[in-house]
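Worksheet: one structure, shown below.
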Amino acid sequence: MEVTIVIPNYNGKHFMKPCLESLEQQTYQDFQILIVDNASTDGSLEYMQQNYPNLKVIALDKNYGFSRAVNEGIKACNTKYVILLNNDTTVDSNYVKEMVAAIESSPDIFSVSSKMIQMYAPELIDSAGDLYTILGWGICRGAGRPISNYTKQDSIFTACAGAAIYRTSIFQEIGFFDEEHFAYLEDIDIGYRAKIYGYRNIFCPTALVCHVGSGTSGSKYNSFKVKLSARNSIWLNYKNMPLLQLLINLPALLVGYGIKYLFFCKIGFQKDYATGLKEGLQTLSNCKKVPFSIKHLGAYFQIEGALIKNTFSYGFDWIKRKLFKR
């Protein structure tokens, strides 16, 4: 086997059938499927046993979150590549084939992000990979834009772990997903770490995935999600930026957090956002920073350039959307 497809699940029984049926239709068959269940209470395990008795399932004793679930799956597989796939997805019949071809195009590629399409608005992008900005914002590239806009392979900051392929051997070098994150921004964190070590993350426009979105959390914004995302954003910057880079970027980061706070004031989640930021700052001592090495200096300069570029490109895109309705 060349590929293991790891599907984390928490109370997603209703998603499993269409997801697994789409994987059965793959033109590329050199893969195995591994379900990692986070102590679901909706009968997911019983459903899997009755309907898919031949699939390998890891049943965790409680809900450890996305990061722990996918780590369990990655560590349990012995294949060259691992695909992480959300349960609220269906994939095109050539999905695995295209993902494998993309990651095999160069040995310095750590991850490949697929072309995620909105399940209930299939003319629109859900994600074409993730960008990260100097403001400390993770940007879901292309979200809400026509699918015709993203037809070429491109470099991205990090892959969206909802439907991405990773080179398994690199985890041994850079470490696994940070389980303290529980969920949210963990994919940007590990992709950022890989970039520090000199690896690349790319977008594959021919690997198509339809995605419901927020299938586990239930909504785009909720108290749990806002709080964890805020906390994790503090950790992400602290862990991956050397002290000098943090100091240089601090004014921009403060502006970014301020704008986000005003946004959450508008939609009623300002207390959750502030609580998350406070928790992130209070627990910095628990974070494991990426060790600084002079051999990574060039990567840090490239990353800083990408942070600045992504900020301006996002701003320009926002202006087009909001002011010119384009």
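Chain labels follow the order of the structure tokens: the first chain is A, the next B, and so on; residue numbering restarts at 1 in every chain, and ligands are counted from 1 in their shown order.
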From stretch 83-271 of chain A, collect each residue whose DSSP state is strand (DSSP E) and return the set as number ranges by chain. A: 83-85, 89-91, 109-118, 125-127, 130-132, 138-140, 154-156, 163-167, 200-211
Quick one: DSSP alpha helix (DSSP H) residues in stretch 68-285 of chain A, as a ChimeraX atom specification? /A:68-76,95-103,168-174,186-196,223-240,243-267,270-282
Identify which of the residues A:Ile134, A:Ile5, A:Cys210, A:Leu281 lies closest to A:Trp235, counting only C-alpha atoms when measuring atom-to-atom distances.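 When distances to A:Trp235 are compared using only C-alpha atoms, the smallest one comes from A:Leu281.
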For the contact check between stretch 85-171 of chain A and stretch 256-262 of chain A, emit one row per residue of stretch 85-171 of chain A within 10 Å, containing the shortest atom pair and the distance in Å rounded to one decimal, counting only C-alpha atoms, chain then rising number order, as a Markdown table.
| residue | atom | partner | partner_atom | distance |
| --- | --- | --- | --- | --- |
| A:Thr133 | CA | A:Gly256 | CA | 9.2 |
| A:Ile134 | CA | A:Gly256 | CA | 8.2 |
| A:Leu135 | CA | A:Gly256 | CA | 4.4 |
| A:Gly136 | CA | A:Gly256 | CA | 6.2 |
| A:Trp137 | CA | A:Gly256 | CA | 7.1 |
Just the residues within 9 Å of A:Asn232, please, counting only C-alpha atoms, with nothing from its chain fewer than 2 positions along; format it as an MDAnalysis selection string. chainID A and resid 180:181 183:186 227:230 234:237 276:277 280
Resulting file, chosen residues, N, CA and C atoms, as an mmCIF file, in the first residue's frame:
data_model
loop_
_atom_site.group_PDB
_atom_site.id
_atom_site.type_symbol
_atom_site.label_atom_id
_atom_site.label_comp_id
_atom_site.auth_asym_id
_atom_site.auth_seq_id
_atom_site.Cartn_x
_atom_site.Cartn_y
_atom_site.Cartn_z
ATOM 1 N N GLU A 180 -2.293 19.751 21.725
ATOM 2 C CA GLU A 180 -2.825 20.772 22.627
ATOM 3 C C GLU A 180 -3.809 21.689 21.906
ATOM 4 N N HIS A 181 -3.678 21.790 20.584
ATOM 5 C CA HIS A 181 -4.602 22.625 19.818
ATOM 6 C C HIS A 181 -6.034 22.085 19.889
ATOM 7 N N ALA A 183 -8.368 21.329 18.179
ATOM 8 C CA ALA A 183 -8.867 21.550 16.816
ATOM 9 C C ALA A 183 -8.684 23.031 16.478
ATOM 10 N N TYR A 184 -8.645 23.321 15.182
ATOM 11 C CA TYR A 184 -8.550 24.669 14.626
ATOM 12 C C TYR A 184 -7.107 25.204 14.624
ATOM 13 N N LEU A 185 -6.682 25.569 13.440
ATOM 14 C CA LEU A 185 -5.364 26.131 13.132
ATOM 15 C C LEU A 185 -4.225 25.124 13.278
ATOM 16 N N GLU A 186 -4.560 23.876 13.629
ATOM 17 C CA GLU A 186 -3.506 22.866 13.757
ATOM 18 C C GLU A 186 -2.868 22.559 12.412
ATOM 19 N N LYS A 227 -13.400 30.520 20.728
ATOM 20 C CA LYS A 227 -12.473 30.501 21.868
ATOM 21 C C LYS A 227 -11.205 29.716 21.525
ATOM 22 N N LEU A 228 -11.366 28.520 20.975
ATOM 23 C CA LEU A 228 -10.205 27.698 20.647
ATOM 24 C C LEU A 228 -9.365 28.322 19.540
ATOM 25 N N SER A 229 -10.011 28.881 18.551
ATOM 26 C CA SER A 229 -9.268 29.502 17.449
ATOM 27 C C SER A 229 -8.445 30.678 17.944
ATOM 28 N N ALA A 230 -9.018 31.465 18.848
ATOM 29 C CA ALA A 230 -8.286 32.610 19.400
ATOM 30 C C ALA A 230 -7.075 32.139 20.197
ATOM 31 N N ILE A 234 -2.685 32.477 19.187
ATOM 32 C CA ILE A 234 -1.583 32.972 20.024
ATOM 33 C C ILE A 234 -0.456 31.953 20.037
ATOM 34 N N TRP A 235 -0.809 30.708 20.255
ATOM 35 C CA TRP A 235 0.204 29.646 20.292
ATOM 36 C C TRP A 235 0.938 29.516 18.970
ATOM 37 N N LEU A 236 0.187 29.585 17.867
ATOM 38 C CA LEU A 236 0.764 29.382 16.540
ATOM 39 C C LEU A 236 1.910 30.366 16.290
ATOM 40 N N ASN A 237 1.661 31.638 16.588
ATOM 41 C CA ASN A 237 2.695 32.652 16.354
ATOM 42 C C ASN A 237 3.875 32.463 17.303
ATOM 43 N N GLY A 276 -10.343 33.376 24.839
ATOM 44 C CA GLY A 276 -9.388 32.547 24.121
ATOM 45 C C GLY A 276 -8.013 33.183 24.048
ATOM 46 N N LEU A 277 -7.959 34.481 23.750
ATOM 47 C CA LEU A 277 -6.674 35.181 23.706
ATOM 48 C C LEU A 277 -5.995 35.158 25.068
ATOM 49 N N GLY A 280 -4.579 31.769 25.754
ATOM 50 C CA GLY A 280 -3.382 31.551 24.957
ATOM 51 C C GLY A 280 -2.162 32.209 25.565
#
I'd like the interatomic distance between atom CA of A:Tyr192 and atom CA of A:Met241, to a tenth of an Å.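 Value for the atom CA of A:Tyr192-atom CA of A:Met241 distance: 9.7 Å.
Every protein, DNA or RNA residue with an atom at most 10 Å from A:Asp42, where only C-alpha atoms count and chain neighbours fewer than 2 positions away do not, is listed here: Tyr10, Asn11, Gly12, Lys13, His14, Ala39, Ser40, Ser44, Leu45, Glu46 and Tyr47 of chain A.
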Keeping only N, CA and C atoms, take the residues you just selected and write them out as a PDB file, in the first residue's frame.
ATOM      1  N   TYR A  10     -16.287  12.131  14.850  1.00  0.00           N
ATOM      2  CA  TYR A  10     -16.925  12.362  16.138  1.00  0.00           C
ATOM      3  C   TYR A  10     -18.405  12.626  15.881  1.00  0.00           C
ATOM      4  N   ASN A  11     -19.221  11.660  16.205  1.00  0.00           N
ATOM      5  CA  ASN A  11     -20.669  11.759  16.012  1.00  0.00           C
ATOM      6  C   ASN A  11     -21.034  12.118  14.566  1.00  0.00           C
ATOM      7  N   GLY A  12     -20.333  11.492  13.629  1.00  0.00           N
ATOM      8  CA  GLY A  12     -20.586  11.769  12.215  1.00  0.00           C
ATOM      9  C   GLY A  12     -21.141  10.582  11.456  1.00  0.00           C
ATOM     10  N   LYS A  13     -21.903   9.746  12.120  1.00  0.00           N
ATOM     11  CA  LYS A  13     -22.452   8.545  11.477  1.00  0.00           C
ATOM     12  C   LYS A  13     -23.187   8.883  10.186  1.00  0.00           C
ATOM     13  N   HIS A  14     -23.942   9.988  10.193  1.00  0.00           N
ATOM     14  CA  HIS A  14     -24.747  10.360   9.026  1.00  0.00           C
ATOM     15  C   HIS A  14     -23.902  10.786   7.837  1.00  0.00           C
ATOM     16  N   ALA A  39     -14.625   8.658  20.440  1.00  0.00           N
ATOM     17  CA  ALA A  39     -15.644   8.293  21.448  1.00  0.00           C
ATOM     18  C   ALA A  39     -17.014   8.841  21.080  1.00  0.00           C
ATOM     19  N   SER A  40     -17.446   8.584  19.852  1.00  0.00           N
ATOM     20  CA  SER A  40     -18.763   9.035  19.398  1.00  0.00           C
ATOM     21  C   SER A  40     -19.869   8.405  20.241  1.00  0.00           C
ATOM     22  N   SER A  44     -21.848   5.590  15.879  1.00  0.00           N
ATOM     23  CA  SER A  44     -20.908   5.507  14.755  1.00  0.00           C
ATOM     24  C   SER A  44     -20.161   4.188  14.719  1.00  0.00           C
ATOM     25  N   LEU A  45     -19.660   3.757  15.871  1.00  0.00           N
ATOM     26  CA  LEU A  45     -18.880   2.516  15.906  1.00  0.00           C
ATOM     27  C   LEU A  45     -19.736   1.311  15.534  1.00  0.00           C
ATOM     28  N   GLU A  46     -20.952   1.261  16.063  1.00  0.00           N
ATOM     29  CA  GLU A  46     -21.845   0.158  15.745  1.00  0.00           C
ATOM     30  C   GLU A  46     -22.200   0.149  14.260  1.00  0.00           C
ATOM     31  N   TYR A  47     -22.386   1.342  13.712  1.00  0.00           N
ATOM     32  CA  TYR A  47     -22.699   1.467  12.285  1.00  0.00           C
ATOM     33  C   TYR A  47     -21.549   0.946  11.436  1.00  0.00           C
TER      34      TYR A  47
END
Restricting the calculation to only C-alpha atoms: of A:Gln29, A:Gln50, A:Asn249, A:Gln270, which residue gets closest to A:Val3?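 Looking only at the distances to A:Val3, the closest residue turns out to be A:Gln29.
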Selected residue of minimal separation from A:Ile139 among A:Ile117, A:Leu243, A:Leu307, A:Val226, counting only C-alpha atoms: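 Closest candidate: A:Leu307.
Across the structure, atom CA of A:Glu173 and atom CA of A:Ser113 are spaced 20.5 Å apart.
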Would you list the contacts of A:Pro291 as number ranges by chain, taking every protein, DNA or RNA residue within 12 Å and counting only C-alpha atoms, but skipping same-chain residues closer than 4 positions in sequence? A: 174-175, 193, 196-197, 238-243, 287, 295-297
Writing out the chosen residues with N, CA and C atoms as a PDB file, in the first residue's frame:
ATOM      1  N   ILE A 174       9.808  16.698  11.709  1.00  0.00           N
ATOM      2  CA  ILE A 174       9.274  17.967  12.219  1.00  0.00           C
ATOM      3  C   ILE A 174       8.290  17.791  13.375  1.00  0.00           C
ATOM      4  N   GLY A 175       7.877  16.552  13.631  1.00  0.00           N
ATOM      5  CA  GLY A 175       6.887  16.321  14.666  1.00  0.00           C
ATOM      6  C   GLY A 175       5.483  16.206  14.078  1.00  0.00           C
ATOM      7  N   ARG A 193       5.425  24.888  10.353  1.00  0.00           N
ATOM      8  CA  ARG A 193       6.609  24.204  10.863  1.00  0.00           C
ATOM      9  C   ARG A 193       7.379  23.538   9.728  1.00  0.00           C
ATOM     10  N   ILE A 196       9.442  26.037   7.848  1.00  0.00           N
ATOM     11  CA  ILE A 196      10.664  26.397   8.562  1.00  0.00           C
ATOM     12  C   ILE A 196      11.770  25.391   8.249  1.00  0.00           C
ATOM     13  N   TYR A 197      11.386  24.121   8.132  1.00  0.00           N
ATOM     14  CA  TYR A 197      12.359  23.066   7.839  1.00  0.00           C
ATOM     15  C   TYR A 197      12.691  22.973   6.346  1.00  0.00           C
ATOM     16  N   TYR A 238       3.579  32.209  18.561  1.00  0.00           N
ATOM     17  CA  TYR A 238       4.647  32.066  19.554  1.00  0.00           C
ATOM     18  C   TYR A 238       5.547  30.879  19.229  1.00  0.00           C
ATOM     19  N   LYS A 239       4.962  29.769  18.827  1.00  0.00           N
ATOM     20  CA  LYS A 239       5.745  28.556  18.581  1.00  0.00           C
ATOM     21  C   LYS A 239       6.628  28.664  17.346  1.00  0.00           C
ATOM     22  N   ASN A 240       6.121  29.305  16.313  1.00  0.00           N
ATOM     23  CA  ASN A 240       6.794  29.261  15.015  1.00  0.00           C
ATOM     24  C   ASN A 240       7.663  30.468  14.698  1.00  0.00           C
ATOM     25  N   MET A 241       7.491  31.565  15.439  1.00  0.00           N
ATOM     26  CA  MET A 241       8.297  32.758  15.181  1.00  0.00           C
ATOM     27  C   MET A 241       9.394  32.895  16.227  1.00  0.00           C
ATOM     28  N   PRO A 242      10.654  33.042  15.800  1.00  0.00           N
ATOM     29  CA  PRO A 242      11.718  33.373  16.754  1.00  0.00           C
ATOM     30  C   PRO A 242      11.407  34.728  17.410  1.00  0.00           C
ATOM     31  N   LEU A 243      12.025  34.990  18.535  1.00  0.00           N
ATOM     32  CA  LEU A 243      11.719  36.194  19.304  1.00  0.00           C
ATOM     33  C   LEU A 243      11.838  37.466  18.466  1.00  0.00           C
ATOM     34  N   CYS A 287       3.816  25.767  25.648  1.00  0.00           N
ATOM     35  CA  CYS A 287       4.029  25.575  24.209  1.00  0.00           C
ATOM     36  C   CYS A 287       5.458  25.112  23.921  1.00  0.00           C
ATOM     37  N   LYS A 295      20.523  27.358  10.157  1.00  0.00           N
ATOM     38  CA  LYS A 295      20.327  26.777   8.829  1.00  0.00           C
ATOM     39  C   LYS A 295      18.926  27.033   8.288  1.00  0.00           C
ATOM     40  N   HIS A 296      18.012  27.432   9.170  1.00  0.00           N
ATOM     41  CA  HIS A 296      16.649  27.748   8.738  1.00  0.00           C
ATOM     42  C   HIS A 296      16.457  29.238   8.478  1.00  0.00           C
ATOM     43  N   LEU A 297      17.526  30.016   8.555  1.00  0.00           N
ATOM     44  CA  LEU A 297      17.404  31.465   8.440  1.00  0.00           C
ATOM     45  C   LEU A 297      16.768  31.874   7.112  1.00  0.00           C
TER      46      LEU A 297
END
Give me the residues near A:Ala159 as a list in words, where near means some atom within 7 Å (using only C-alpha atoms) and where sequence neighbours in that chain fewer than 6 positions away do not count. Ser111, Val112, Ser113, Gly129, Asp130, Asp187, Gly191 and Asn201 of chain A
Can you pull out every residue within 9 Å of A:Ser223, counting only C-alpha atoms, but drop anything in the same chain fewer than 5 positions away, and send it as a PyMOL selection string? chain A and resi 228+269+271-273
Write out the residues from the selection above, keeping N, CA, C and O atoms, as a PDB file, in the first residue's frame.
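The resulting file, result.pdb, is shown below:
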ATOM      1  N   LEU A 228     -11.366  28.520  20.975  1.00  0.00           N
ATOM      2  CA  LEU A 228     -10.205  27.698  20.647  1.00  0.00           C
ATOM      3  C   LEU A 228      -9.365  28.322  19.540  1.00  0.00           C
ATOM      4  O   LEU A 228      -8.130  28.287  19.594  1.00  0.00           O
ATOM      5  N   PHE A 269     -19.589  37.521  19.793  1.00  0.00           N
ATOM      6  CA  PHE A 269     -18.685  36.526  20.371  1.00  0.00           C
ATOM      7  C   PHE A 269     -17.430  37.170  20.967  1.00  0.00           C
ATOM      8  O   PHE A 269     -16.399  36.520  21.116  1.00  0.00           O
ATOM      9  N   LYS A 271     -16.666  38.121  24.019  1.00  0.00           N
ATOM     10  CA  LYS A 271     -16.196  37.542  25.289  1.00  0.00           C
ATOM     11  C   LYS A 271     -15.460  36.230  25.039  1.00  0.00           C
ATOM     12  O   LYS A 271     -14.438  35.955  25.681  1.00  0.00           O
ATOM     13  N   ASP A 272     -15.974  35.422  24.138  1.00  0.00           N
ATOM     14  CA  ASP A 272     -15.314  34.152  23.820  1.00  0.00           C
ATOM     15  C   ASP A 272     -13.951  34.401  23.186  1.00  0.00           C
ATOM     16  O   ASP A 272     -12.978  33.712  23.515  1.00  0.00           O
ATOM     17  N   TYR A 273     -13.877  35.372  22.296  1.00  0.00           N
ATOM     18  CA  TYR A 273     -12.618  35.688  21.634  1.00  0.00           C
ATOM     19  C   TYR A 273     -11.596  36.195  22.657  1.00  0.00           C
ATOM     20  O   TYR A 273     -10.440  35.741  22.672  1.00  0.00           O
TER      21      TYR A 273
END
Selected residue of minimal separation from A:Thr158 among A:Asp178, A:Asp92, A:Asp189, A:Glu304, counting only C-alpha atoms: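 Once distances to A:Thr158 are computed over only C-alpha atoms, the minimum belongs to A:Asp189.
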